[in-house]
Amino acid sequence: MSARILFSTAARILTQLRHDRRTIGLVIMVPLVLLTLIYYLFEKQTAASRALHLPGIFDHIGLILLGLFPFALMFLITSIAMLRERTSGTLERLLTTPLHKPDLLFGYGLAFGVLAAVQAVVAAGLAYWVFDLTTTGAVWLVIMFAVADAILGMALGLFFSAFARSEFQAVQFMPAVVFPQIFLCGLVAPRDQMADWMHALSTAMPLTYAVQGLQEIGMNPDPTGLMWRDLGIVLGCAVLALGLGAATLRRRTD
């Protein structure tokens, strides 16, 4: 893998994204709209809790959603984007150059990591300074986890795009890959109250550690060892997914 080729690949992808206003709008605006809906959905309950100087429902759910939205959106966008690279013949032409598969996939990771950072900062700004989200830990830690979650979603999207032959099939991986992780990560129900087999499944899913890390930030004023471990697992799974994606990436889809 060449650093020069990797950065030039990331620059190419960022240039393409800059001219794709719909994708930028999807990545930046959709989390803001959903956070707004969630805030007003629990506005009365949150106000009542804060009047008693207790954490509100939005303080719990909003914090976790700052990590879930980037994960789900990046999975969807990158799986479709890579599929288009194959079906349009762009990937086949690129791989006739000195570009190697790891250069391409890690270039995607770098480019979408930049986009994820912008998304995380904007969404965190809305949650903290407009909706008064309260966490014990620092805002920059929340943003760091949100970016890591986005990179994880992007890496899984690139990996699973290799098994899709059409954009419709790529979208179908959302309920197969993303939704089970959302249901079992601890957002819908506490993991310690799950059946043993469901708890075991959640332990094997990387999004579980992303949510657990965010919960650690919400409860502790300083970074904890468990938080750093969870961050390492999330990033390690992302690197593993990119490596597997490079191994299974096909030049084109017939």
# chains A, B, ... in the order shown; residues from 1 in each chain; ligands from 1
$ closest_atom_pairs --of "segment 129-216 of chain A" --to "segment 64-78 of chain A" --cutoff "8 Å" --atoms "only C-alpha atoms" --output "CSV"
residue,atom,partner,partner_atom,distance
A:Val142,CA,A:Leu66,CA,7.8
A:Phe145,CA,A:Gly67,CA,6.6
A:Ala146,CA,A:Gly67,CA,4.5
A:Val147,CA,A:Pro70,CA,7.4
A:Asp149,CA,A:Phe71,CA,5.1
A:Ala150,CA,A:Phe71,CA,4.4
A:Ile151,CA,A:Phe71,CA,7.3
A:Leu152,CA,A:Phe71,CA,6.6
A:Gly153,CA,A:Phe71,CA,4.3
A:Met154,CA,A:Met74,CA,4.8
A:Ala155,CA,A:Phe75,CA,7.4
A:Leu156,CA,A:Phe75,CA,6.3
A:Gly157,CA,A:Phe75,CA,4.3
A:Leu158,CA,A:Thr78,CA,5.9
A:Ala170,CA,A:Leu76,CA,7.7
A:Val171,CA,A:Leu76,CA,6.6
A:Met174,CA,A:Leu76,CA,7.0
A:Val178,CA,A:Ala72,CA,6.6
A:Ile182,CA,A:Leu68,CA,7.7
A:Leu187,CA,A:Ile64,CA,7.5
A:Ala210,CA,A:Gly67,CA,7.2
A:Val211,CA,A:Ile64,CA,6.0
A:Leu214,CA,A:Ile64,CA,6.4
A:Gln215,CA,A:Ile64,CA,7.4
$ atom_distance --atom1 "atom CA of Gln45 of chain A" --atom2 "atom CA of Ile57 of chain A"
6.8 Å
$ closest_residue --among "A:Phe7, A:Trp140, A:Phe106, A:Phe131" --to "Tyr39 of chain A" --atoms "only C-alpha atoms"
A:Phe131
$ closest_residue --among "A:Leu14, A:Gly236, A:Ala247, A:Ala162" --to "Gly107 of chain A" --atoms "only C-alpha atoms"
A:Leu14
$ atom_distance --atom1 "atom CA of Arg18 of chain A" --atom2 "atom CA of Asp103 of chain A"
20.6 Å
$ select_by_dssp --residues "segment 33-173 of chain A" --states "helix (DSSP H, G or I)" --output "ChimeraX atom specification"
/A:33-41,43-51,57-87,90-94,101-129,139-161,167-173
$ residues_around --residues "Pro190 of chain A" --least-positions-apart "3" --cutoff "12 Å" --atoms "only C-alpha atoms" --output "PyMOL selection string"
chain A and resi 183-187+193-195+198-199+202+208+211-212+215
$ write_last_selection --atoms "all heavy atoms" --output "JSON list (two decimals), in the first residue's frame"
[["chain", "number", "residue", "atom", "x", "y", "z"],
["A", 183, "PHE", "N", -30.63, -3.49, 17.45],
["A", 183, "PHE", "CA", -31.56, -4.10, 18.40],
["A", 183, "PHE", "C", -30.82, -4.71, 19.61],
["A", 183, "PHE", "O", -31.37, -4.73, 20.72],
["A", 183, "PHE", "CB", -32.38, -5.19, 17.72],
["A", 183, "PHE", "CG", -33.32, -4.67, 16.67],
["A", 183, "PHE", "CD1", -33.67, -5.44, 15.57],
["A", 183, "PHE", "CD2", -33.87, -3.40, 16.78],
["A", 183, "PHE", "CE1", -34.53, -4.96, 14.60],
["A", 183, "PHE", "CE2", -34.73, -2.91, 15.82],
["A", 183, "PHE", "CZ", -35.06, -3.69, 14.72],
["A", 184, "LEU", "N", -29.60, -5.20, 19.38],
["A", 184, "LEU", "CA", -28.89, -5.95, 20.43],
["A", 184, "LEU", "C", -27.78, -5.16, 21.10],
["A", 184, "LEU", "O", -27.09, -5.71, 21.96],
["A", 184, "LEU", "CB", -28.31, -7.24, 19.84],
["A", 184, "LEU", "CG", -29.32, -8.25, 19.29],
["A", 184, "LEU", "CD1", -28.62, -9.45, 18.68],
["A", 184, "LEU", "CD2", -30.29, -8.70, 20.37],
["A", 185, "CYS", "N", -27.58, -3.91, 20.72],
["A", 185, "CYS", "CA", -26.44, -3.15, 21.24],
["A", 185, "CYS", "C", -26.67, -2.61, 22.64],
["A", 185, "CYS", "O", -25.74, -2.09, 23.28],
["A", 185, "CYS", "CB", -26.09, -2.00, 20.29],
["A", 185, "CYS", "SG", -27.32, -0.68, 20.24],
["A", 186, "GLY", "N", -27.89, -2.67, 23.15],
["A", 186, "GLY", "CA", -28.20, -2.13, 24.47],
["A", 186, "GLY", "C", -29.07, -0.91, 24.43],
["A", 186, "GLY", "O", -29.43, -0.38, 25.50],
["A", 187, "LEU", "N", -29.45, -0.46, 23.26],
["A", 187, "LEU", "CA", -30.32, 0.71, 23.14],
["A", 187, "LEU", "C", -31.77, 0.34, 23.42],
["A", 187, "LEU", "O", -32.47, 1.04, 24.18],
["A", 187, "LEU", "CB", -30.21, 1.32, 21.74],
["A", 187, "LEU", "CG", -31.17, 2.47, 21.42],
["A", 187, "LEU", "CD1", -30.90, 3.66, 22.34],
["A", 187, "LEU", "CD2", -31.06, 2.88, 19.96],
["A", 193, "GLN", "N", -30.26, -8.06, 30.62],
["A", 193, "GLN", "CA", -31.60, -8.62, 30.74],
["A", 193, "GLN", "C", -31.98, -9.48, 29.54],
["A", 193, "GLN", "O", -33.11, -9.97, 29.46],
["A", 193, "GLN", "CB", -32.62, -7.48, 30.92],
["A", 193, "GLN", "CG", -32.42, -6.67, 32.19],
["A", 193, "GLN", "CD", -33.43, -5.55, 32.33],
["A", 193, "GLN", "OE1", -34.44, -5.50, 31.62],
["A", 193, "GLN", "NE2", -33.17, -4.63, 33.25],
["A", 194, "MET", "N", -31.07, -9.64, 28.60],
["A", 194, "MET", "CA", -31.34, -10.43, 27.41],
["A", 194, "MET", "C", -31.18, -11.92, 27.72],
["A", 194, "MET", "O", -30.49, -12.31, 28.68],
["A", 194, "MET", "CB", -30.38, -10.06, 26.28],
["A", 194, "MET", "CG", -30.52, -8.64, 25.77],
["A", 194, "MET", "SD", -29.31, -8.29, 24.46],
["A", 194, "MET", "CE", -29.69, -6.58, 24.10],
["A", 195, "ALA", "N", -31.81, -12.75, 26.88],
["A", 195, "ALA", "CA", -31.57, -14.19, 26.95],
["A", 195, "ALA", "C", -30.10, -14.47, 26.68],
["A", 195, "ALA", "O", -29.41, -13.69, 26.01],
["A", 195, "ALA", "CB", -32.46, -14.90, 25.94],
["A", 198, "MET", "N", -28.97, -14.33, 23.07],
["A", 198, "MET", "CA", -28.98, -12.98, 22.53],
["A", 198, "MET", "C", -27.81, -12.16, 23.09],
["A", 198, "MET", "O", -27.19, -11.36, 22.37],
["A", 198, "MET", "CB", -30.30, -12.29, 22.84],
["A", 198, "MET", "CG", -31.51, -12.94, 22.17],
["A", 198, "MET", "SD", -33.05, -12.05, 22.49],
["A", 198, "MET", "CE", -32.81, -10.61, 21.48],
["A", 199, "HIS", "N", -27.51, -12.35, 24.35],
["A", 199, "HIS", "CA", -26.37, -11.67, 24.96],
["A", 199, "HIS", "C", -25.07, -12.09, 24.27],
["A", 199, "HIS", "O", -24.19, -11.26, 24.02],
["A", 199, "HIS", "CB", -26.31, -11.98, 26.45],
["A", 199, "HIS", "CG", -25.29, -11.18, 27.20],
["A", 199, "HIS", "ND1", -23.95, -11.54, 27.23],
["A", 199, "HIS", "CD2", -25.40, -10.03, 27.91],
["A", 199, "HIS", "CE1", -23.29, -10.65, 27.95],
["A", 199, "HIS", "NE2", -24.13, -9.72, 28.37],
["A", 202, "SER", "N", -24.88, -10.32, 20.94],
["A", 202, "SER", "CA", -24.53, -8.91, 21.09],
["A", 202, "SER", "C", -23.05, -8.74, 21.41],
["A", 202, "SER", "O", -22.43, -7.76, 20.99],
["A", 202, "SER", "CB", -25.39, -8.27, 22.19],
["A", 202, "SER", "OG", -25.02, -8.74, 23.47],
["A", 208, "THR", "N", -22.06, -3.01, 19.63],
["A", 208, "THR", "CA", -22.26, -3.12, 21.08],
["A", 208, "THR", "C", -21.19, -2.34, 21.83],
["A", 208, "THR", "O", -21.47, -1.64, 22.81],
["A", 208, "THR", "CB", -22.23, -4.60, 21.50],
["A", 208, "THR", "OG1", -23.32, -5.29, 20.88],
["A", 208, "THR", "CG2", -22.32, -4.74, 23.01],
["A", 211, "VAL", "N", -21.64, 1.51, 21.53],
["A", 211, "VAL", "CA", -22.66, 2.01, 22.45],
["A", 211, "VAL", "C", -22.14, 1.99, 23.88],
["A", 211, "VAL", "O", -22.34, 2.93, 24.66],
["A", 211, "VAL", "CB", -23.95, 1.19, 22.32],
["A", 211, "VAL", "CG1", -24.94, 1.54, 23.42],
["A", 211, "VAL", "CG2", -24.58, 1.43, 20.95],
["A", 212, "GLN", "N", -21.46, 0.92, 24.24],
["A", 212, "GLN", "CA", -20.92, 0.82, 25.60],
["A", 212, "GLN", "C", -19.90, 1.92, 25.88],
["A", 212, "GLN", "O", -19.87, 2.50, 26.97],
["A", 212, "GLN", "CB", -20.27, -0.56, 25.79],
["A", 212, "GLN", "CG", -19.78, -0.83, 27.18],
["A", 212, "GLN", "CD", -19.33, -2.26, 27.34],
["A", 212, "GLN", "OE1", -20.06, -3.12, 27.84],
["A", 212, "GLN", "NE2", -18.10, -2.55, 26.92],
["A", 215, "GLN", "N", -21.77, 5.12, 26.46],
["A", 215, "GLN", "CA", -22.37, 5.10, 27.79],
["A", 215, "GLN", "C", -21.33, 5.38, 28.88],
["A", 215, "GLN", "O", -21.63, 6.05, 29.88],
["A", 215, "GLN", "CB", -23.05, 3.75, 28.04],
["A", 215, "GLN", "CG", -24.30, 3.53, 27.20],
["A", 215, "GLN", "CD", -24.85, 2.13, 27.30],
["A", 215, "GLN", "OE1", -24.13, 1.18, 27.59],
["A", 215, "GLN", "NE2", -26.15, 1.98, 27.06]]
$ residues_around --residues "Thr136 of chain A" --least-positions-apart "3" --cutoff "7 Å" --atoms "only C-alpha atoms" --output "number ranges by chain"
A: 217-221
$ write_last_selection --atoms "N, CA and C atoms" --output "PDB file, in the first residue's frame"
ATOM      1  N   ILE A 217     -18.787   7.349  28.491  1.00  0.00           N
ATOM      2  CA  ILE A 217     -18.585   8.800  28.433  1.00  0.00           C
ATOM      3  C   ILE A 217     -19.720   9.523  29.137  1.00  0.00           C
ATOM      4  N   GLY A 218     -20.926   9.004  28.981  1.00  0.00           N
ATOM      5  CA  GLY A 218     -22.075   9.639  29.605  1.00  0.00           C
ATOM      6  C   GLY A 218     -22.047   9.562  31.118  1.00  0.00           C
ATOM      7  N   MET A 219     -21.358   8.544  31.677  1.00  0.00           N
ATOM      8  CA  MET A 219     -21.405   8.336  33.125  1.00  0.00           C
ATOM      9  C   MET A 219     -20.137   8.766  33.861  1.00  0.00           C
ATOM     10  N   ASN A 220     -19.026   8.933  33.144  1.00  0.00           N
ATOM     11  CA  ASN A 220     -17.752   9.191  33.812  1.00  0.00           C
ATOM     12  C   ASN A 220     -17.137  10.496  33.330  1.00  0.00           C
ATOM     13  N   PRO A 221     -16.610  11.308  34.243  1.00  0.00           N
ATOM     14  CA  PRO A 221     -16.027  12.593  33.834  1.00  0.00           C
ATOM     15  C   PRO A 221     -14.717  12.450  33.079  1.00  0.00           C
TER      16      PRO A 221
END
$ residues_around --residues "Val118 of chain A" --least-positions-apart "2" --cutoff "12 Å" --atoms "only C-alpha atoms" --output "list of chain:residue names"
A:Ile24, A:Gly25, A:Val27, A:Ile28, A:Met29, A:Pro31, A:Pro70, A:Ala111, A:Phe112, A:Gly113, A:Val114, A:Leu115, A:Ala116, A:Ala120, A:Val121, A:Val122, A:Ala123, A:Ala124, A:Gly125, A:Ile143, A:Met144, A:Ala146, A:Val147, A:Ala150
$ write_last_selection --atoms "N, CA, C and O atoms" --output "CSV table (one decimal), in the first residue's frame"
chain,number,residue,atom,x,y,z
A,24,ILE,N,-24.1,14.7,0.5
A,24,ILE,CA,-23.7,15.6,1.6
A,24,ILE,C,-24.9,16.0,2.4
A,24,ILE,O,-24.8,16.0,3.6
A,25,GLY,N,-26.0,16.3,1.7
A,25,GLY,CA,-27.2,16.6,2.5
A,25,GLY,C,-27.7,15.4,3.3
A,25,GLY,O,-28.2,15.6,4.4
A,27,VAL,N,-25.9,12.9,4.5
A,27,VAL,CA,-25.0,12.7,5.6
A,27,VAL,C,-25.1,13.7,6.7
A,27,VAL,O,-25.0,13.4,7.9
A,28,ILE,N,-25.2,15.0,6.3
A,28,ILE,CA,-25.2,16.1,7.3
A,28,ILE,C,-26.6,16.3,7.9
A,28,ILE,O,-26.8,16.5,9.1
A,29,MET,N,-27.6,16.4,7.0
A,29,MET,CA,-28.9,16.9,7.5
A,29,MET,C,-29.8,15.8,8.1
A,29,MET,O,-30.5,16.1,9.0
A,31,PRO,N,-29.1,13.2,10.2
A,31,PRO,CA,-29.0,13.1,11.6
A,31,PRO,C,-29.6,14.2,12.4
A,31,PRO,O,-30.1,14.1,13.5
A,70,PRO,N,-24.3,7.9,12.4
A,70,PRO,CA,-23.1,7.8,11.4
A,70,PRO,C,-22.9,6.4,11.0
A,70,PRO,O,-22.5,6.1,9.8
A,111,ALA,N,-11.3,9.2,3.3
A,111,ALA,CA,-12.2,10.3,2.8
A,111,ALA,C,-13.5,10.3,3.6
A,111,ALA,O,-14.0,11.4,4.0
A,112,PHE,N,-14.1,9.2,3.8
A,112,PHE,CA,-15.4,9.2,4.6
A,112,PHE,C,-15.1,9.5,6.1
A,112,PHE,O,-16.1,9.9,6.8
A,113,GLY,N,-13.9,9.2,6.6
A,113,GLY,CA,-13.6,9.6,7.9
A,113,GLY,C,-13.6,11.1,8.1
A,113,GLY,O,-14.1,11.7,9.1
A,114,VAL,N,-13.2,11.9,7.0
A,114,VAL,CA,-13.2,13.3,7.1
A,114,VAL,C,-14.7,13.8,7.1
A,114,VAL,O,-15.1,14.7,7.8
A,115,LEU,N,-15.5,13.2,6.2
A,115,LEU,CA,-16.9,13.5,6.1
A,115,LEU,C,-17.6,13.2,7.4
A,115,LEU,O,-18.5,13.9,7.9
A,116,ALA,N,-17.2,12.1,8.0
A,116,ALA,CA,-17.8,11.7,9.3
A,116,ALA,C,-17.5,12.6,10.4
A,116,ALA,O,-18.3,12.9,11.3
A,120,ALA,N,-20.2,14.5,12.6
A,120,ALA,CA,-20.2,14.3,14.1
A,120,ALA,C,-20.2,15.7,14.8
A,120,ALA,O,-20.9,15.9,15.8
A,121,VAL,N,-19.4,16.6,14.3
A,121,VAL,CA,-19.3,17.9,14.9
A,121,VAL,C,-20.6,18.7,14.8
A,121,VAL,O,-21.1,19.3,15.7
A,122,VAL,N,-21.2,18.6,13.6
A,122,VAL,CA,-22.5,19.3,13.4
A,122,VAL,C,-23.6,18.7,14.3
A,122,VAL,O,-24.3,19.4,14.9
A,123,ALA,N,-23.7,17.4,14.3
A,123,ALA,CA,-24.7,16.7,15.1
A,123,ALA,C,-24.5,17.0,16.6
A,123,ALA,O,-25.5,17.2,17.3
A,124,ALA,N,-23.2,16.9,17.0
A,124,ALA,CA,-23.0,17.1,18.4
A,124,ALA,C,-23.3,18.6,18.8
A,124,ALA,O,-23.8,18.9,19.9
A,125,GLY,N,-23.0,19.5,17.9
A,125,GLY,CA,-23.3,20.9,18.1
A,125,GLY,C,-24.8,21.1,18.4
A,125,GLY,O,-25.2,21.8,19.3
A,143,ILE,N,-17.5,13.0,20.1
A,143,ILE,CA,-17.2,13.1,18.6
A,143,ILE,C,-16.3,12.1,18.1
A,143,ILE,O,-16.4,11.5,17.1
A,144,MET,N,-15.3,11.8,19.0
A,144,MET,CA,-14.3,10.7,18.6
A,144,MET,C,-15.0,9.4,18.3
A,144,MET,O,-14.7,8.7,17.4
A,146,ALA,N,-18.2,9.0,17.6
A,146,ALA,CA,-19.1,9.1,16.5
A,146,ALA,C,-18.3,8.9,15.2
A,146,ALA,O,-18.8,8.2,14.3
A,147,VAL,N,-17.1,9.4,15.1
A,147,VAL,CA,-16.3,9.3,13.9
A,147,VAL,C,-15.8,7.8,13.8
A,147,VAL,O,-15.9,7.2,12.7
A,150,ALA,N,-18.7,5.8,12.5
A,150,ALA,CA,-18.9,6.1,11.0
A,150,ALA,C,-17.9,5.3,10.2
A,150,ALA,O,-18.2,4.7,9.2
$ closest_residue --among "A:Thr9, A:Ser161, A:Thr134, A:Thr224" --to "Pro102 of chain A" --atoms "only C-alpha atoms"
A:Thr9
$ residues_around --residues "Cys237 of chain A" --least-positions-apart "3" --cutoff "8 Å" --atoms "only C-alpha atoms" --output "MDAnalysis selection string"
chainID A and resid 152 206 233:234 240:241
$ atom_distance --atom1 "atom CA of Asp132 of chain A" --atom2 "atom CA of Phe58 of chain A"
9.4 Å
